[in-house]
Amino acid sequence: MGLGRLRDGLAPTPPMGWNSWNRFQTSIDERLIRETAEAMVETGMRDAGYRYVVIDDGWEGPERDGDGDLLSDRDRFGSGIADLARRIHDLDLRFGIYTDAGTKTCAGYVGSLGYEFRDARRFASWGVDYVKIDWCNTSGLGTRAVYGKWSQAFRSAGRPMVLSLCEWGRTRPWQWGGRVGHLWRTCWDIQDTWDSLTTVLDRQRGLSAYAGPDHWNDPDMLEVGNGGMSTAEYRAHFSLWCLLAAPLMAGNDIRTMPDDVKGILTAPEVIAVDQDPLGLQGDLVRAEDGLEVWARELADGSRAVVLFDRSAEPREIPVRWADIGWEAKDRVQVRDLWERADRGAFAEGFSATVPSHDVVMLRLRRAEP
């Protein structure tokens, strides 16, 4: 699907970082953002691959300045966005910001409609590396035209910036978004509940053909660690997002996260699946009675597989080699990515007992003849 799509090298693998919205909404200030960036270093998240620190809605001042430029809120971001970006860059991290394509943002702050080129230049002058552009207050506007204008504005701004489209999958952005941006939301906002997680997951089926290096389907940011689901459900959430080659934008309070949350967000072999350089998004290959097998091809010819139990009790879930395009006679080495343990070599398939609302995540390698 590379024809006509961006291949500028700004997002060769799905972007990883942190976004303020899921945990803090508009209750943000520069101290929170600085402390979060420092915590990303101290907790090992930066070294695990999380690079972007993204301020979502709520940073804006009440109006533009006399020249028409955006301003940050003086009380909460008194040092200015450029200074905050510099502090984040000093930590070997990248800085992201938010705006809205309409007249106002979703939280009612100043929007960017009619100021696309001016705001892109403003972001570039501040040292911004990533911009999320929302779609509230856009009555009568067309997504392709507006985001196309933003793409042009970014190209003329004089600084490489990742463009994240957020029109919630309303106009099938997977069919056109790769020509103008680096990632696009495929659905409505995720919530910190099991029902929301599984509903959003179901929206990702069949979209794998539209994703790849520099153009990614985005099933929304992570809820891991925000308290509405169990550890098992968060492990399932993270595993499936990695199988989907989804952007990994943490949305919890990194400064206070417990070890189990940190363990999920920094699991090296699971993250390696998300960041696999081949960039092929996984998809559902078999489903029966609440038991699912999701699979993805990786750059070295191996397969990542998630055995997913939606049911209310532990169940045995098999993956057959035929499910992933291999022959039953193949001898396949099986590794459990959460346990970081080899399970041995098997023919025909492999099965594991999966706890309720949990996963077993595997990497499968065909043995040499």
# chains A, B, ... in the order shown; residues from 1 in each chain; ligands from 1
>>> select_by_dssp(residues="region 22-145 of chain A", states="helix (DSSP H, G or I)", output="PyMOL selection string")
chain A and resi 22-24+30-42+45-48+81-90+116-126+143-145
>>> closest_atom_pairs(of="region 174-214 of chain A", to="region 273-296 of chain A", cutoff="7 Å", atoms="only C-alpha atoms", output="Markdown table")
| residue | atom | partner | partner_atom | distance |
| --- | --- | --- | --- | --- |
| A:Arg205 | CA | A:Asp283 | CA | 6.1 |
| A:Gly206 | CA | A:Asp283 | CA | 6.8 |
| A:Ser208 | CA | A:Gln281 | CA | 4.9 |
| A:Ala211 | CA | A:Gln281 | CA | 6.3 |
| A:Gly212 | CA | A:Gly279 | CA | 4.8 |
| A:Pro213 | CA | A:Gly279 | CA | 5.6 |
>>> residues_around(residues="Tyr98 (chain A)", least_positions_apart="5", cutoff="9 Å", atoms="only C-alpha atoms", output="short mmCIF file (atom, residue, chain, number, x, y, z; two decimals) with C-alpha atoms, in the first residue's frame")
data_model
loop_
_atom_site.label_atom_id
_atom_site.label_comp_id
_atom_site.auth_asym_id
_atom_site.auth_seq_id
_atom_site.Cartn_x
_atom_site.Cartn_y
_atom_site.Cartn_z
CA VAL A 54 2.61 15.22 23.87
CA ILE A 55 0.48 17.97 25.42
CA ASP A 56 -3.16 17.46 24.47
CA ASP A 57 -6.01 19.98 24.69
CA GLY A 58 -5.90 22.66 27.38
CA TRP A 59 -2.50 24.33 26.93
CA TYR A 130 4.60 15.96 16.64
CA VAL A 131 1.16 17.53 16.24
CA LYS A 132 -2.21 15.94 16.95
CA ILE A 133 -5.01 17.69 15.04
CA ASP A 134 -8.53 17.06 16.34
#
>>> closest_residue(among="A:Arg320, A:Leu337, A:Thr43, A:Ser139", to="Val261 (chain A)", atoms="only C-alpha atoms")
A:Thr43
>>> atom_distance(atom1="CA of Val146 (chain A)", atom2="CA of Cys187 (chain A)")
18.8 Å
>>> residues_around(residues="His89 (chain A)", least_positions_apart="2", cutoff="10 Å", atoms="only C-alpha atoms", output="ChimeraX atom specification")
/A:37,51-53,83-87,91-95,127-129
>>> residues_around(residues="region 219-225 of chain A", least_positions_apart="6", cutoff="7 Å", atoms="only C-alpha atoms", output="list in words")
Asn22, Arg185, Thr186, Cys187, Asp189, Ile190, Asp192, Val200, Tyr234, Ala246, Leu248, Met249, Ala250, Gly251, Asn252, Met257 and Val261 of chain A
>>> select_by_dssp(residues="region 10-215 of chain A", states="strand (DSSP E or B)", output="NGL selection string")
:A and (16-19 or 52-54 or 60 or 72 or 94-100 or 104 or 110 or 130-134 or 162-165 or 183-185 or 212 or 215)
>>> write_last_selection(atoms="C-alpha atoms", output="compact mmCIF listing (two decimals), in the first residue's frame")
# COMPACT_ATOMS: atom_id res chain seq x y z
CA MET A 16 5.76 5.76 21.00
CA GLY A 17 5.33 8.30 23.75
CA TRP A 18 2.96 9.78 26.32
CA ASN A 19 -0.10 12.00 25.95
CA TYR A 52 7.27 11.74 22.42
CA VAL A 53 5.88 13.87 25.25
CA VAL A 54 2.61 15.22 23.87
CA GLU A 60 -3.87 27.23 24.89
CA SER A 72 -0.06 29.36 25.68
CA ARG A 94 10.70 14.73 21.51
CA PHE A 95 7.91 17.22 22.03
CA GLY A 96 4.35 17.06 20.77
CA ILE A 97 1.38 19.41 20.92
CA TYR A 98 -2.32 19.55 20.08
CA THR A 99 -4.64 21.72 18.04
CA ASP A 100 -8.01 21.41 16.37
CA LYS A 104 -12.48 25.79 18.65
CA VAL A 110 -8.77 28.54 20.28
CA TYR A 130 4.60 15.96 16.64
CA VAL A 131 1.16 17.53 16.24
CA LYS A 132 -2.21 15.94 16.95
CA ILE A 133 -5.01 17.69 15.04
CA ASP A 134 -8.53 17.06 16.34
CA VAL A 162 4.77 14.05 12.64
CA LEU A 163 1.12 14.70 11.72
CA SER A 164 -1.51 12.80 13.71
CA LEU A 165 -5.04 12.99 12.26
CA LEU A 183 -1.19 8.23 11.63
CA TRP A 184 -4.95 8.52 11.82
CA ARG A 185 -7.56 7.53 14.33
CA GLY A 212 2.99 0.46 7.12
CA HIS A 215 1.47 5.61 7.78
>>> residues_around(residues="Ile254 (chain A)", least_positions_apart="4", cutoff="8 Å", atoms="only C-alpha atoms", output="JSON, numbers by chain")
{"A": [36, 39, 40]}
>>> write_last_selection(atoms="all heavy atoms", output="compact mmCIF listing (two decimals), in the first residue's frame")
# COMPACT_ATOMS: atom_id res chain seq x y z
N THR A 36 6.66 14.62 34.10
CA THR A 36 6.37 13.42 33.33
C THR A 36 7.55 13.06 32.43
O THR A 36 7.94 11.89 32.32
CB THR A 36 5.10 13.61 32.50
OG1 THR A 36 3.99 13.84 33.38
CG2 THR A 36 4.82 12.39 31.64
N ALA A 39 10.16 11.57 34.50
CA ALA A 39 9.78 10.22 34.91
C ALA A 39 9.94 9.22 33.77
O ALA A 39 10.24 8.04 34.01
CB ALA A 39 8.34 10.22 35.41
N MET A 40 9.75 9.66 32.53
CA MET A 40 9.96 8.77 31.40
C MET A 40 11.41 8.31 31.34
O MET A 40 11.69 7.17 30.96
CB MET A 40 9.54 9.45 30.10
CG MET A 40 8.03 9.57 29.94
SD MET A 40 7.53 10.49 28.46
CE MET A 40 8.05 9.37 27.17
>>> atom_distance(atom1="CA of Pro258 (chain A)", atom2="CA of Ser20 (chain A)")
18.2 Å
>>> closest_residue(among="A:Ala236, A:Thr231, A:Lys329, A:Leu207", to="Lys262 (chain A)", atoms="only C-alpha atoms")
A:Thr231
>>> residues_around(residues="Leu201 (chain A)", least_positions_apart="2", cutoff="9 Å", atoms="only C-alpha atoms", output="list in words")
Ser196, Leu197, Thr198, Thr199, Arg203, Gln204, Arg205, Pro219, His237, Leu240 and Trp241 of chain A
>>> atom_distance(atom1="CA of Cys106 (chain A)", atom2="CA of Ala153 (chain A)")
21.7 Å
